[in-house]
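data.cif (mmCIF, C-alpha atoms) appears below.
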data_entry
#
loop_
_atom_site.label_atom_id
_atom_site.label_comp_id
_atom_site.auth_asym_id
_atom_site.auth_seq_id
_atom_site.Cartn_x
_atom_site.Cartn_y
_atom_site.Cartn_z
CA MET G 231 5.92 19.99 89.01
CA ARG G 232 7.29 19.63 85.49
CA SER G 233 5.19 20.62 82.50
CA TYR G 234 4.34 18.46 79.47
CA SER G 235 7.17 19.71 77.27
CA GLN G 236 9.71 19.25 80.06
CA ILE G 237 9.15 15.50 80.03
CA GLU G 238 10.79 13.61 77.20
CA GLY G 239 8.91 10.96 75.26
CA ASP G 240 5.20 10.39 75.49
CA GLY G 241 2.81 8.30 77.53
CA GLY G 242 4.43 5.02 76.51
CA SER G 243 2.58 4.09 73.33
CA GLY G 244 4.51 6.38 71.04
CA VAL G 245 1.29 7.70 69.50
CA ALA G 246 2.93 10.73 67.90
CA GLY G 247 5.72 8.47 66.62
CA GLN G 248 3.21 6.00 65.19
CA ILE G 249 1.50 8.77 63.26
CA ALA G 250 4.85 10.14 62.05
CA ASP G 251 5.93 6.63 60.98
CA LEU G 252 2.68 6.14 59.11
CA GLU G 253 3.10 9.43 57.29
CA ALA G 254 6.70 8.52 56.44
CA ALA G 255 5.57 5.14 55.11
CA ILE G 256 2.97 6.81 52.90
CA ALA G 257 5.57 9.28 51.63
CA ARG G 258 7.91 6.39 50.76
CA ARG G 259 5.14 4.54 48.98
CA MET G 260 4.20 7.62 46.94
CA ALA G 261 7.72 8.78 46.23
CA GLY G 262 7.62 7.33 42.71
CA ILE G 263 4.50 9.27 41.73
CA ARG G 264 5.27 12.32 39.64
CA HIS G 265 1.93 14.09 40.04
CA VAL G 266 -0.89 13.54 42.51
CA VAL G 267 -4.14 15.16 41.41
CA ALA G 268 -7.18 15.34 43.66
CA VAL G 269 -10.34 15.45 41.57
CA GLY G 270 -13.09 17.01 43.63
CA SER G 271 -16.18 19.03 43.18
CA GLY G 272 -18.12 19.82 46.28
CA LYS G 273 -21.31 18.96 44.44
CA GLY G 274 -22.34 15.32 44.06
CA GLY G 275 -23.72 13.98 40.81
CA VAL G 276 -21.61 16.05 38.45
CA GLY G 277 -19.93 13.00 36.96
CA LYS G 278 -16.67 13.41 38.80
CA SER G 279 -15.93 9.71 39.18
CA THR G 280 -16.73 8.90 35.56
CA LEU G 281 -14.64 11.83 34.41
CA THR G 282 -11.75 10.74 36.62
CA ARG G 283 -11.93 7.21 35.27
CA GLN G 284 -12.04 8.30 31.64
CA LEU G 285 -9.31 10.92 32.01
CA GLY G 286 -7.12 8.21 33.52
CA ALA G 287 -7.78 5.95 30.54
CA VAL G 288 -7.03 8.73 28.06
CA LEU G 289 -3.78 9.56 29.86
CA ALA G 290 -2.85 5.85 29.86
CA ALA G 291 -3.59 5.66 26.14
CA ALA G 292 -1.22 8.60 25.69
CA GLY G 293 1.53 6.55 27.29
CA LYS G 294 1.31 7.88 30.84
CA ARG G 295 1.57 5.55 33.83
CA VAL G 296 -1.63 6.13 35.75
CA GLY G 297 -3.03 5.16 39.13
CA ILE G 298 -6.47 5.80 40.55
CA LEU G 299 -7.17 6.33 44.23
CA ASP G 300 -10.85 6.02 45.05
CA ALA G 301 -10.94 8.19 48.15
CA ASP G 302 -14.69 7.90 48.48
CA MET G 303 -14.87 4.99 50.89
CA ASN G 304 -18.62 5.31 51.36
CA GLY G 305 -19.55 5.46 47.71
CA PRO G 306 -16.66 3.72 45.96
CA SER G 307 -17.17 3.44 42.22
CA GLN G 308 -13.74 3.18 40.63
CA ALA G 309 -13.45 -0.61 40.91
CA LEU G 310 -16.71 -0.99 38.99
CA LEU G 311 -15.85 1.75 36.51
CA HIS G 312 -12.53 0.03 35.76
CA GLY G 313 -13.99 -3.46 35.52
CA VAL G 314 -11.91 -4.76 38.45
CA ARG G 315 -14.60 -5.18 41.09
CA ASN G 316 -13.90 -8.90 41.37
CA VAL G 317 -10.13 -8.56 41.45
CA PRO G 318 -8.60 -8.62 44.95
CA PRO G 319 -5.56 -6.59 45.94
CA LEU G 320 -2.79 -9.10 46.65
CA PRO G 321 0.40 -9.19 48.70
CA GLY G 322 3.47 -8.76 46.53
CA GLU G 323 7.15 -8.81 47.28
CA GLU G 324 7.25 -5.03 47.64
CA GLY G 325 3.87 -4.35 49.15
CA LEU G 326 0.20 -4.45 48.30
CA LEU G 327 -0.43 -4.98 44.60
CA LEU G 328 -3.53 -3.43 43.10
CA PRO G 329 -6.00 -4.54 40.47
CA VAL G 330 -5.05 -3.27 37.03
CA SER G 331 -7.58 -2.23 34.39
CA ARG G 332 -7.40 -3.28 30.76
CA GLU G 333 -5.72 0.03 30.01
CA GLY G 334 -3.02 -0.66 32.60
CA VAL G 335 -4.37 1.70 35.26
CA LYS G 336 -3.74 0.63 38.87
CA VAL G 337 -6.87 1.00 40.96
CA LEU G 338 -7.15 1.33 44.74
CA SER G 339 -10.82 1.23 45.62
CA VAL G 340 -12.78 -0.13 48.55
CA GLY G 341 -15.18 -1.23 45.86
CA SER G 342 -12.78 -4.14 45.24
CA LEU G 343 -13.39 -5.30 48.80
CA LEU G 344 -17.14 -4.97 49.17
CA ALA G 345 -20.03 -6.77 47.59
CA GLU G 346 -22.15 -4.52 45.40
CA GLY G 347 -24.74 -2.82 47.56
CA GLU G 348 -22.78 -3.30 50.78
CA ALA G 349 -21.29 -0.46 52.80
CA LEU G 350 -18.34 -0.31 55.12
CA SER G 351 -19.36 -0.62 58.74
CA TRP G 352 -17.64 1.39 61.43
CA PRO G 353 -18.40 -0.17 64.82
CA SER G 354 -18.41 2.33 67.64
CA ALA G 355 -17.89 1.79 71.35
CA SER G 356 -20.37 4.54 72.04
CA PRO G 357 -23.74 3.58 70.57
CA ARG G 358 -25.31 6.17 68.26
CA HIS G 359 -22.10 8.17 68.09
CA THR G 360 -20.40 6.62 65.08
CA HIS G 361 -20.92 9.91 63.25
CA VAL G 362 -18.55 11.69 65.61
CA TRP G 363 -15.50 9.71 64.59
CA ARG G 364 -16.41 8.35 61.20
CA ALA G 365 -14.52 10.82 59.02
CA THR G 366 -11.36 10.44 61.08
CA ARG G 367 -11.57 6.67 60.97
CA GLU G 368 -12.05 6.69 57.21
CA LEU G 369 -8.90 8.74 56.79
CA ALA G 370 -7.02 6.45 59.19
CA LYS G 371 -8.03 3.42 57.13
CA LEU G 372 -7.13 5.17 53.91
CA ALA G 373 -3.75 6.07 55.40
CA GLU G 374 -3.21 2.44 56.38
CA LEU G 375 -3.91 1.34 52.81
CA LEU G 376 -1.67 4.01 51.32
CA SER G 377 1.16 3.00 53.63
CA ALA G 378 1.07 -0.49 52.12
CA VAL G 379 0.38 0.01 48.40
CA HIS G 380 3.18 -0.62 45.94
CA TRP G 381 2.32 1.91 43.24
CA GLY G 382 5.64 1.72 41.48
CA PRO G 383 6.57 4.63 39.22
CA LEU G 384 3.56 6.63 38.04
CA ASP G 385 3.21 9.76 36.00
CA VAL G 386 -0.16 10.61 37.51
CA LEU G 387 -2.22 9.44 40.45
CA LEU G 388 -5.80 10.68 40.17
CA ALA G 389 -7.64 10.73 43.48
CA ASP G 390 -11.41 10.65 43.17
CA LEU G 391 -12.66 12.58 46.20
CA PRO G 392 -16.02 12.28 47.95
CA PRO G 393 -18.50 15.15 47.47
CA GLY G 394 -18.69 18.14 49.76
CA PRO G 395 -16.63 21.35 49.83
CA GLU G 396 -15.26 20.63 53.30
CA ARG G 397 -14.41 17.05 52.30
CA THR G 398 -12.61 18.33 49.20
CA ALA G 399 -10.41 20.52 51.38
CA GLN G 400 -10.01 17.80 53.99
CA PHE G 401 -8.76 15.23 51.47
CA ALA G 402 -6.50 17.74 49.71
CA ASP G 403 -4.94 18.42 53.09
CA PHE G 404 -4.69 14.68 53.81
CA LEU G 405 -2.94 14.00 50.49
CA GLY G 406 -0.39 16.71 51.20
CA PRO G 407 0.65 20.10 49.88
CA GLN G 408 2.19 18.66 46.70
CA THR G 409 -1.20 17.41 45.60
CA ALA G 410 -2.78 19.49 42.85
CA VAL G 411 -6.55 19.92 42.79
CA VAL G 412 -8.97 19.86 39.87
CA LEU G 413 -12.64 20.67 40.41
CA VAL G 414 -15.49 19.33 38.34
CA SER G 415 -18.61 21.34 37.68
CA ILE G 416 -21.59 21.27 35.38
CA PRO G 417 -23.22 24.26 33.66
CA SER G 418 -25.81 24.92 36.35
CA ALA G 419 -26.00 27.78 38.83
CA LEU G 420 -26.43 25.34 41.70
CA ALA G 421 -23.35 23.27 40.87
CA ARG G 422 -21.20 26.30 40.16
CA GLY G 423 -22.19 27.81 43.49
CA VAL G 424 -21.13 24.68 45.38
CA VAL G 425 -17.89 24.43 43.42
CA ALA G 426 -17.21 28.08 44.26
CA ARG G 427 -17.51 27.09 47.93
CA SER G 428 -14.91 24.38 47.34
CA VAL G 429 -12.61 26.98 45.83
CA SER G 430 -13.08 29.06 48.95
CA ALA G 431 -12.47 26.09 51.26
CA LEU G 432 -9.30 25.22 49.37
CA GLY G 433 -8.07 28.80 49.66
CA ALA G 434 -6.69 28.18 53.11
CA LEU G 435 -4.48 25.33 51.88
CA PRO G 436 -1.17 25.48 50.02
CA ASN G 437 -2.34 23.01 47.38
CA ARG G 438 -2.17 24.11 43.78
CA LEU G 439 -5.63 24.56 42.27
CA LEU G 440 -5.14 23.75 38.61
CA GLY G 441 -8.58 24.66 37.37
CA TYR G 442 -11.95 23.14 36.70
CA VAL G 443 -13.49 20.85 34.15
CA GLU G 444 -17.00 21.56 32.99
CA ASN G 445 -18.72 18.22 32.62
CA MET G 446 -22.05 17.67 30.85
CA SER G 447 -21.21 20.72 28.81
CA GLY G 448 -23.91 20.11 26.26
CA TYR G 449 -25.44 16.96 24.85
CA ALA G 450 -23.45 15.05 22.26
CA CYS G 451 -25.93 13.62 19.78
CA ALA G 452 -24.77 10.24 18.52
CA GLY G 453 -27.05 10.59 15.52
CA CYS G 454 -25.90 13.86 14.00
CA GLY G 455 -22.62 14.32 15.85
CA THR G 456 -23.48 17.79 17.08
CA VAL G 457 -23.32 19.11 20.66
CA ARG G 458 -26.41 20.94 21.87
CA PRO G 459 -27.07 22.77 25.15
CA LEU G 460 -28.06 20.49 28.03
CA PHE G 461 -28.69 23.12 30.68
CA PRO G 462 -30.37 26.51 30.22
CA GLU G 463 -28.03 29.47 30.14
CA SER G 464 -27.94 31.19 33.51
CA GLU G 465 -26.65 34.65 34.18
CA GLU G 466 -26.77 33.91 37.91
CA ALA G 467 -24.20 31.14 37.74
CA ALA G 468 -21.20 31.97 39.89
CA GLU G 469 -18.09 32.77 37.94
CA LEU G 470 -15.34 30.38 38.88
CA SER G 471 -12.17 32.36 39.28
CA LEU G 472 -9.91 29.64 37.96
CA PRO G 473 -8.92 28.30 34.56
CA CYS G 474 -11.19 25.98 32.66
CA LEU G 475 -9.21 22.87 31.70
CA GLY G 476 -11.85 21.53 29.38
CA ARG G 477 -15.51 21.09 28.60
CA VAL G 478 -16.83 17.55 28.21
CA PRO G 479 -20.28 17.01 26.72
CA PHE G 480 -22.71 14.40 27.97
CA ASP G 481 -23.06 11.26 25.87
CA PRO G 482 -25.28 8.39 27.04
CA ARG G 483 -22.86 5.97 25.43
CA LEU G 484 -20.24 7.02 27.97
CA ALA G 485 -22.59 6.14 30.81
CA ALA G 486 -23.17 2.73 29.27
CA LEU G 487 -19.43 2.17 28.88
CA SER G 488 -18.89 3.15 32.49
CA ASP G 489 -21.44 0.62 33.73
CA GLU G 490 -19.55 -2.04 31.80
CA GLY G 491 -16.21 -1.03 33.30
CA ARG G 492 -14.90 0.07 29.92
CA ALA G 493 -12.96 3.10 28.76
CA ILE G 494 -13.75 5.57 26.01
CA THR G 495 -10.41 4.65 24.48
CA GLU G 496 -11.81 1.23 23.59
CA VAL G 497 -14.39 2.78 21.30
CA PRO G 498 -13.34 3.88 17.84
CA ASP G 499 -14.91 7.09 16.56
CA ALA G 500 -16.36 8.00 19.96
CA GLY G 501 -17.12 11.48 18.73
CA PRO G 502 -17.09 14.81 20.57
CA VAL G 503 -16.76 13.24 24.04
CA ALA G 504 -13.56 11.43 23.14
CA ALA G 505 -12.13 14.56 21.58
CA ALA G 506 -13.07 16.65 24.61
CA LEU G 507 -11.56 14.13 27.04
CA ALA G 508 -8.35 13.94 25.03
CA GLU G 509 -8.06 17.72 24.97
CA THR G 510 -8.83 18.00 28.68
CA ALA G 511 -6.29 15.31 29.57
CA ARG G 512 -3.65 17.03 27.45
CA THR G 513 -4.33 20.41 29.06
CA LEU G 514 -4.36 18.87 32.52
CA PHE G 515 -1.00 17.19 32.06
CA GLU G 516 0.52 20.32 30.56
CA ARG G 517 -0.61 22.30 33.59
CA LEU G 518 0.88 19.67 35.86
CA GLU G 519 4.20 19.87 34.11
CA GLU G 520 4.33 23.65 34.40
CA VAL G 521 6.52 24.89 37.21
CA PRO G 522 4.19 26.63 39.67
CA MET R 1288 -0.78 11.97 77.07
CA LYS R 1289 1.85 11.75 79.79
CA PHE R 1290 1.48 11.02 83.48
CA LEU R 1291 3.63 12.46 86.21
CA CYS R 1292 4.03 11.12 89.72
CA VAL R 1293 3.69 14.39 91.64
CA PRO R 1294 5.53 13.38 94.84
CA CYS R 1295 8.50 12.00 92.85
CA ASP R 1296 8.26 14.48 89.92
CA SER R 1297 8.94 11.44 87.78
CA GLN R 1298 7.22 10.39 84.56
CA MET R 1299 5.07 7.34 85.11
CA ARG R 1300 5.72 4.31 82.95
CA LEU R 1301 3.01 2.58 80.91
CA ARG R 1302 2.88 -0.95 82.31
CA ALA R 1303 -0.15 -2.66 80.79
CA THR R 1304 -3.19 -2.11 78.64
CA GLU R 1305 -6.32 -4.18 78.47
CA GLU R 1306 -9.94 -3.99 77.48
CA ASN R 1307 -11.66 -5.34 80.57
CA GLU R 1308 -15.13 -4.35 79.45
CA PRO R 1309 -16.50 -3.60 76.01
CA GLY R 1310 -15.68 -0.10 74.86
CA SER R 1311 -13.33 0.72 77.74
CA LEU R 1312 -9.56 0.51 77.87
CA SER R 1313 -7.66 0.16 81.14
CA VAL R 1314 -4.22 1.66 80.86
CA VAL R 1315 -2.00 1.02 83.90
CA TYR R 1316 0.91 3.31 84.75
CA GLU R 1317 3.52 2.94 87.46
CA CYS R 1318 6.04 5.31 88.94
CA PRO R 1319 9.56 3.99 88.41
CA GLU R 1320 10.69 5.75 91.59
CA CYS R 1321 8.11 4.89 94.25
CA GLY R 1322 6.28 2.06 92.51
CA TYR R 1323 2.90 3.76 92.82
CA GLU R 1324 0.42 2.44 90.30
CA MET R 1325 -2.61 4.08 88.77
CA ALA R 1326 -5.02 3.08 86.00
CA MET R 1327 -6.62 5.31 83.43
CA LEU R 1328 -10.00 3.95 82.41
CA THR R 1329 -11.51 5.32 79.22
CA ASN R 1330 -15.18 5.83 78.56
CA GLN R 1331 -16.71 4.86 75.22
CA HIS R 1332 -16.09 8.24 73.63
CA GLU R 1333 -12.45 8.28 74.67
CA THR R 1334 -12.04 4.74 73.35
CA ASP R 1335 -13.56 5.82 70.05
CA MET R 1336 -11.15 8.74 69.87
CA VAL R 1337 -8.20 6.35 70.12
CA ARG R 1338 -9.74 4.08 67.51
CA SER R 1339 -10.26 6.92 65.11
CA LEU R 1340 -6.55 7.71 65.05
CA GLY R 1341 -5.70 4.18 63.95
CA VAL R 1342 -2.88 3.94 66.48
CA ARG R 1343 -2.01 1.21 68.92
CA ILE R 1344 -2.05 1.75 72.65
CA GLY R 1345 0.22 -0.30 74.88
CA PRO R 1346 3.81 -0.76 76.06
CA ALA R 1347 4.82 -2.57 72.87
CA ALA R 1348 2.92 -0.33 70.49
CA ALA R 1349 5.88 1.78 69.48
CA ALA R 1350 7.92 -1.28 68.54
CA ALA R 1351 5.02 -2.89 66.72
CA ILE R 1352 4.60 0.08 64.42
CA ALA R 1353 8.28 0.38 63.60
CA ASN R 1354 7.63 -0.82 60.07
CA PRO R 1355 3.98 -0.02 59.44
CA GLY R 1356 2.26 -2.05 56.82
CA MET R 1357 5.31 -4.20 56.34
CA ALA R 1358 5.56 -6.21 59.55
CA ALA R 1359 4.25 -9.71 59.81
CA SER R 1360 3.87 -12.04 62.72
CA GLY R 1361 3.51 -15.77 62.54
CA GLU R 1362 1.71 -15.67 65.86
CA ALA R 1363 -1.30 -13.85 64.59
CA SER R 1364 -4.10 -15.23 62.52
CA ALA R 1365 -4.39 -13.96 58.99
CA SER R 1366 -7.72 -12.40 59.74
CA THR R 1367 -7.11 -10.58 62.97
CA GLY R 1368 -3.52 -9.35 63.05
CA ARG R 1369 -1.68 -8.98 66.32
CA CYS R 1370 -3.04 -5.74 67.61
CA PRO R 1371 -5.19 -6.54 70.66
CA PHE R 1372 -7.59 -3.82 69.61
CA SER R 1373 -7.62 -4.63 65.93
CA ALA R 1374 -11.18 -5.84 66.06
CA MET R 1375 -12.14 -2.49 67.55
CA LEU R 1376 -10.22 -0.40 65.11
CA GLY R 1377 -11.91 -0.58 61.88
CA GLY R 1378 -14.26 -0.76 59.05
CA THR R 1379 -15.01 -4.33 58.25
CA THR R 1380 -15.01 -6.06 54.91
CA GLN R 1381 -15.86 -9.51 53.73
CA PRO R 1382 -14.98 -11.28 50.52
CA HIS R 1383 -17.60 -11.27 47.81
CA THR R 1384 -18.53 -12.76 44.43
CA GLU R 1385 -17.46 -16.25 43.49
CA MET R 1386 -14.69 -16.10 46.04
CA GLU R 1387 -17.30 -16.17 48.78
CA THR R 1388 -17.80 -19.80 47.96
CA ALA R 1389 -14.38 -20.69 49.34
CA ALA R 1390 -14.56 -23.95 51.22
CA PRO R 1391 -14.53 -23.45 54.98
CA SER R 1392 -11.52 -25.71 55.32
CA GLY R 1393 -9.30 -24.14 52.69
CA PRO R 1394 -5.77 -25.08 51.66
CA GLU R 1395 -2.97 -24.89 54.21
CA TRP R 1396 -0.71 -21.87 54.24
CA THR R 1397 3.05 -22.09 54.69
CA PRO R 1398 4.43 -19.71 57.34
CA GLY R 1399 6.11 -17.66 54.62
CA ALA R 1400 2.94 -17.26 52.59
CA LEU R 1401 0.95 -16.47 55.71
CA ALA R 1402 3.47 -13.83 56.72
CA ARG R 1403 3.12 -12.32 53.26
CA LEU R 1404 -0.64 -12.16 53.67
CA GLU R 1405 -0.27 -10.57 57.08
CA SER R 1406 1.98 -7.90 55.65
CA ILE R 1407 -0.98 -6.23 53.95
CA PRO R 1408 -3.61 -4.16 55.74
CA GLU R 1409 -6.14 -6.09 57.73
CA MET R 1410 -9.14 -4.79 55.83
CA VAL R 1411 -7.76 -6.21 52.56
CA ARG R 1412 -6.83 -9.66 53.85
CA PRO R 1413 -10.19 -11.46 53.62
CA MET R 1414 -10.53 -10.60 49.93
CA ALA R 1415 -6.89 -11.36 49.17
CA ARG R 1416 -7.08 -14.64 51.05
CA ALA R 1417 -10.22 -15.73 49.23
CA GLY R 1418 -8.69 -14.86 45.86
CA ILE R 1419 -5.47 -16.74 46.56
CA GLU R 1420 -7.31 -19.80 47.86
CA MET R 1421 -9.52 -19.77 44.78
CA VAL R 1422 -6.46 -19.84 42.54
CA ALA R 1423 -4.93 -22.62 44.64
CA ARG R 1424 -8.04 -24.73 44.19
CA GLU R 1425 -8.20 -23.99 40.47
CA ASN R 1426 -4.62 -25.24 40.13
CA GLY R 1427 -5.07 -28.22 42.44
CA HIS R 1428 -2.71 -26.99 45.16
CA GLN R 1429 -3.28 -28.21 48.71
CA VAL R 1430 -0.65 -25.92 50.22
CA ILE R 1431 -0.32 -22.21 49.59
CA ASP R 1432 3.28 -21.12 49.29
CA GLU R 1433 5.16 -18.41 47.43
CA THR R 1434 4.58 -20.22 44.14
CA VAL R 1435 0.82 -20.11 44.60
CA LEU R 1436 1.02 -16.44 45.53
CA ALA R 1437 2.87 -15.82 42.28
CA ASP R 1438 0.21 -17.84 40.42
CA ALA R 1439 -2.49 -15.66 41.98
CA ARG R 1440 -0.71 -12.47 40.97
CA ALA R 1441 -0.41 -13.75 37.43
CA ARG R 1442 -4.03 -14.92 37.40
CA PHE R 1443 -5.24 -11.45 38.39
CA GLY R 1444 -2.92 -9.63 36.01
CA MET R 1445 -0.49 -8.16 38.55
#
Can you give me the file's structure in the form of structure tokens?
Amino acid sequence: MRSYSQIEGDGGSGVAGQIADLEAAIARRMAGIRHVVAVGSGKGGVGKSTLTRQLGAVLAAAGKRVGILDADMNGPSQALLHGVRNVPPLPGEEGLLLPVSREGVKVLSVGSLLAEGEALSWPSASPRHTHVWRATRELAKLAELLSAVHWGPLDVLLADLPPGPERTAQFADFLGPQTAVVLVSIPSALARGVVARSVSALGALPNRLLGYVENMSGYACAGCGTVRPLFPESEEAAELSLPCLGRVPFDPRLAALSDEGRAITEVPDAGPVAAALAETARTLFERLEEVP
Amino acid sequence: MKFLCVPCDSQMRLRATEENEPGSLSVVYECPECGYEMAMLTNQHETDMVRSLGVRIGPAAAAAIANPGMAASGEASASTGRCPFSAMLGGTTQPHTEMETAAPSGPEWTPGALARLESIPEMVRPMARAGIEMVARENGHQVIDETVLADARARFGM
């Protein structure tokens, strides 16, 4: 009796070919993107999505062509953060056209497809076992979207990843070895510990780990313009063995802007936060342009 | 997965696929040499595994995926696509906001415009359709054609 590899072809559906074709289609669609950057953390609530959104706006203001991929299908926020929640993706002559923010950033987010407060449903043939397949199905849907999107030429595509060290590694792997990774942390021992786990999880992958951004690095006082500590100093905080790309203080005005779908670049004299974001974006792009 | 007819040492050919009960696929194979037929019946977990990959199962699946994300079929409805298992394959989305108020009997779609809509992923179509029909109504169009699609792209800043 012949073995599996001695029989040419597959079972008739061309499953392996379908997956290869899908991957090829995604590669074609993303061929015009100079840099893909996965922005992850491991820890939720560190301001990763807001930081991603604002870094994209700052890069766009600096003349870069920017796209945003909201890879968090369960907690999509980029459509709202970019003020395009009511803008549908549309069929164009060369593929799926995406909503564009006021700053000219193209945004792919499930948040453009769902009513606020609604979640994607993933029907399962086996009752009570949706959890078994959910992650795989999310990635399959994301792959389907990426195979259709007409990004056009971009300098940077920032992918906002869902929280969780294993998810950070999973999405970096999904986006491919050319994807660089930036991690976001805050100055707390807890967050640094989780981010350190993400570093460890990413260690098994060939992706380039550019460094980390420390968010909420102090409190930017709108009254006096100074930045004061927001978290107590901790000697137990894990040292992250990777470069720091920037430190961005917390400013309540940025949170308000985010809720309104606006960018820091729209605000004149935005203070220390704007300066920190500009410096972080500059450092990030310089690191991207360096030959690894 | 491949199937081999042991007496003939010949690879069996996928002949048909159907969902004859919820959550179970019946995949029929035949031996091209002796004509023997067998059916593989999946349980719910196996069906879910196929769904999770986002692939199509069936004799025509390989041809259907030849141009993924780009193909369009005038035979399929704009909401369901042509994959027989499309309803089983995915996360579901519905249009929202003011576009939800789209009249149940919306404008007609020309075959070309419909094919364009069907060229985008299924999960995006309801929202795209609602947005395009909203623009058609705003501009007093009864028929959605390429011109209306261009109007919609302009309206939404694309």
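Comparing G:Val288, G:Pro321, G:Met303, G:Gly270 by their smallest distance to chain R, the closest is G:Pro321 (using all atoms listed in the file).
Pairwise distance (CA of Ala1303 in chain R, CA of Met1336 in chain R) equals 19.2 Å.
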Which residues of chain G have any atom within 7 Å of an atom in chain R when counting all atoms listed in the file, and what is the closest pair of atoms for each, with the distance in Å to one decimal? Order the rows by chain and rising number and write it as a tab-separated table.
residue	atom	partner	partner_atom	distance
G:Met231	CA	R:Asp1296	CA	6.1
G:Arg232	CA	R:Asp1296	CA	6.9
G:Asp240	CA	R:Lys1289	CA	5.6
G:Gly241	CA	R:Lys1289	CA	4.2
G:Gly242	CA	R:Leu1301	CA	5.2
G:Ser243	CA	R:Gly1345	CA	5.2
G:Gly244	CA	R:Ala1349	CA	5.0
G:Val245	CA	R:Val1342	CA	6.4
G:Gln248	CA	R:Ile1352	CA	6.1
G:Leu252	CA	R:Pro1355	CA	6.3
G:Ala255	CA	R:Pro1355	CA	6.9
G:Asn316	CA	R:Thr1384	CA	6.8
G:Val317	CA	R:Phe1443	CA	6.5
G:Pro318	CA	R:Ala1415	CA	5.3
G:Pro319	CA	R:Ala1415	CA	5.9
G:Leu320	CA	R:Ala1415	CA	5.3
G:Pro321	CA	R:Leu1404	CA	5.9
G:Leu326	CA	R:Ile1407	CA	6.0
G:Leu327	CA	R:Met1445	CA	6.8
G:Pro329	CA	R:Met1445	CA	6.9
G:Val330	CA	R:Gly1444	CA	6.8
G:Leu343	CA	R:Met1414	CA	6.1
G:Leu344	CA	R:Thr1380	CA	6.2
G:Ala345	CA	R:His1383	CA	5.1
G:Leu350	CA	R:Gly1378	CA	5.7
G:Ser351	CA	R:Gly1378	CA	5.1
G:Trp352	CA	R:Gly1378	CA	4.7
G:Ser354	CA	R:Asp1335	CA	6.4
G:Ala355	CA	R:Gly1310	CA	4.6
G:Ser356	CA	R:Gln1331	CA	4.9
G:Trp363	CA	R:Ser1339	CA	6.0
G:Thr366	CA	R:Ser1339	CA	5.5
G:Arg367	CA	R:Ser1339	CA	4.3
G:Ala370	CA	R:Gly1341	CA	5.4
G:Glu374	CA	R:Pro1408	CA	6.6
G:Leu375	CA	R:Pro1408	CA	6.2
G:Ser377	CA	R:Gly1356	CA	6.1
G:Ala378	CA	R:Gly1356	CA	5.1
Can those selected residues be exported to a file as a PDB file, keeping the file's coordinate frame so that it contains C-alpha atoms?
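Ended up saving to out_3.pdb:
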ATOM      1  CA  MET G 231       5.920  19.990  89.010  1.00  0.00           C
ATOM      2  CA  ARG G 232       7.290  19.630  85.490  1.00  0.00           C
ATOM      3  CA  ASP G 240       5.200  10.390  75.490  1.00  0.00           C
ATOM      4  CA  GLY G 241       2.810   8.300  77.530  1.00  0.00           C
ATOM      5  CA  GLY G 242       4.430   5.020  76.510  1.00  0.00           C
ATOM      6  CA  SER G 243       2.580   4.090  73.330  1.00  0.00           C
ATOM      7  CA  GLY G 244       4.510   6.380  71.040  1.00  0.00           C
ATOM      8  CA  VAL G 245       1.290   7.700  69.500  1.00  0.00           C
ATOM      9  CA  GLN G 248       3.210   6.000  65.190  1.00  0.00           C
ATOM     10  CA  LEU G 252       2.680   6.140  59.110  1.00  0.00           C
ATOM     11  CA  ALA G 255       5.570   5.140  55.110  1.00  0.00           C
ATOM     12  CA  ASN G 316     -13.900  -8.900  41.370  1.00  0.00           C
ATOM     13  CA  VAL G 317     -10.130  -8.560  41.450  1.00  0.00           C
ATOM     14  CA  PRO G 318      -8.600  -8.620  44.950  1.00  0.00           C
ATOM     15  CA  PRO G 319      -5.560  -6.590  45.940  1.00  0.00           C
ATOM     16  CA  LEU G 320      -2.790  -9.100  46.650  1.00  0.00           C
ATOM     17  CA  PRO G 321       0.400  -9.190  48.700  1.00  0.00           C
ATOM     18  CA  LEU G 326       0.200  -4.450  48.300  1.00  0.00           C
ATOM     19  CA  LEU G 327      -0.430  -4.980  44.600  1.00  0.00           C
ATOM     20  CA  PRO G 329      -6.000  -4.540  40.470  1.00  0.00           C
ATOM     21  CA  VAL G 330      -5.050  -3.270  37.030  1.00  0.00           C
ATOM     22  CA  LEU G 343     -13.390  -5.300  48.800  1.00  0.00           C
ATOM     23  CA  LEU G 344     -17.140  -4.970  49.170  1.00  0.00           C
ATOM     24  CA  ALA G 345     -20.030  -6.770  47.590  1.00  0.00           C
ATOM     25  CA  LEU G 350     -18.340  -0.310  55.120  1.00  0.00           C
ATOM     26  CA  SER G 351     -19.360  -0.620  58.740  1.00  0.00           C
ATOM     27  CA  TRP G 352     -17.640   1.390  61.430  1.00  0.00           C
ATOM     28  CA  SER G 354     -18.410   2.330  67.640  1.00  0.00           C
ATOM     29  CA  ALA G 355     -17.890   1.790  71.350  1.00  0.00           C
ATOM     30  CA  SER G 356     -20.370   4.540  72.040  1.00  0.00           C
ATOM     31  CA  TRP G 363     -15.500   9.710  64.590  1.00  0.00           C
ATOM     32  CA  THR G 366     -11.360  10.440  61.080  1.00  0.00           C
ATOM     33  CA  ARG G 367     -11.570   6.670  60.970  1.00  0.00           C
ATOM     34  CA  ALA G 370      -7.020   6.450  59.190  1.00  0.00           C
ATOM     35  CA  GLU G 374      -3.210   2.440  56.380  1.00  0.00           C
ATOM     36  CA  LEU G 375      -3.910   1.340  52.810  1.00  0.00           C
ATOM     37  CA  SER G 377       1.160   3.000  53.630  1.00  0.00           C
ATOM     38  CA  ALA G 378       1.070  -0.490  52.120  1.00  0.00           C
TER      39      ALA G 378
END
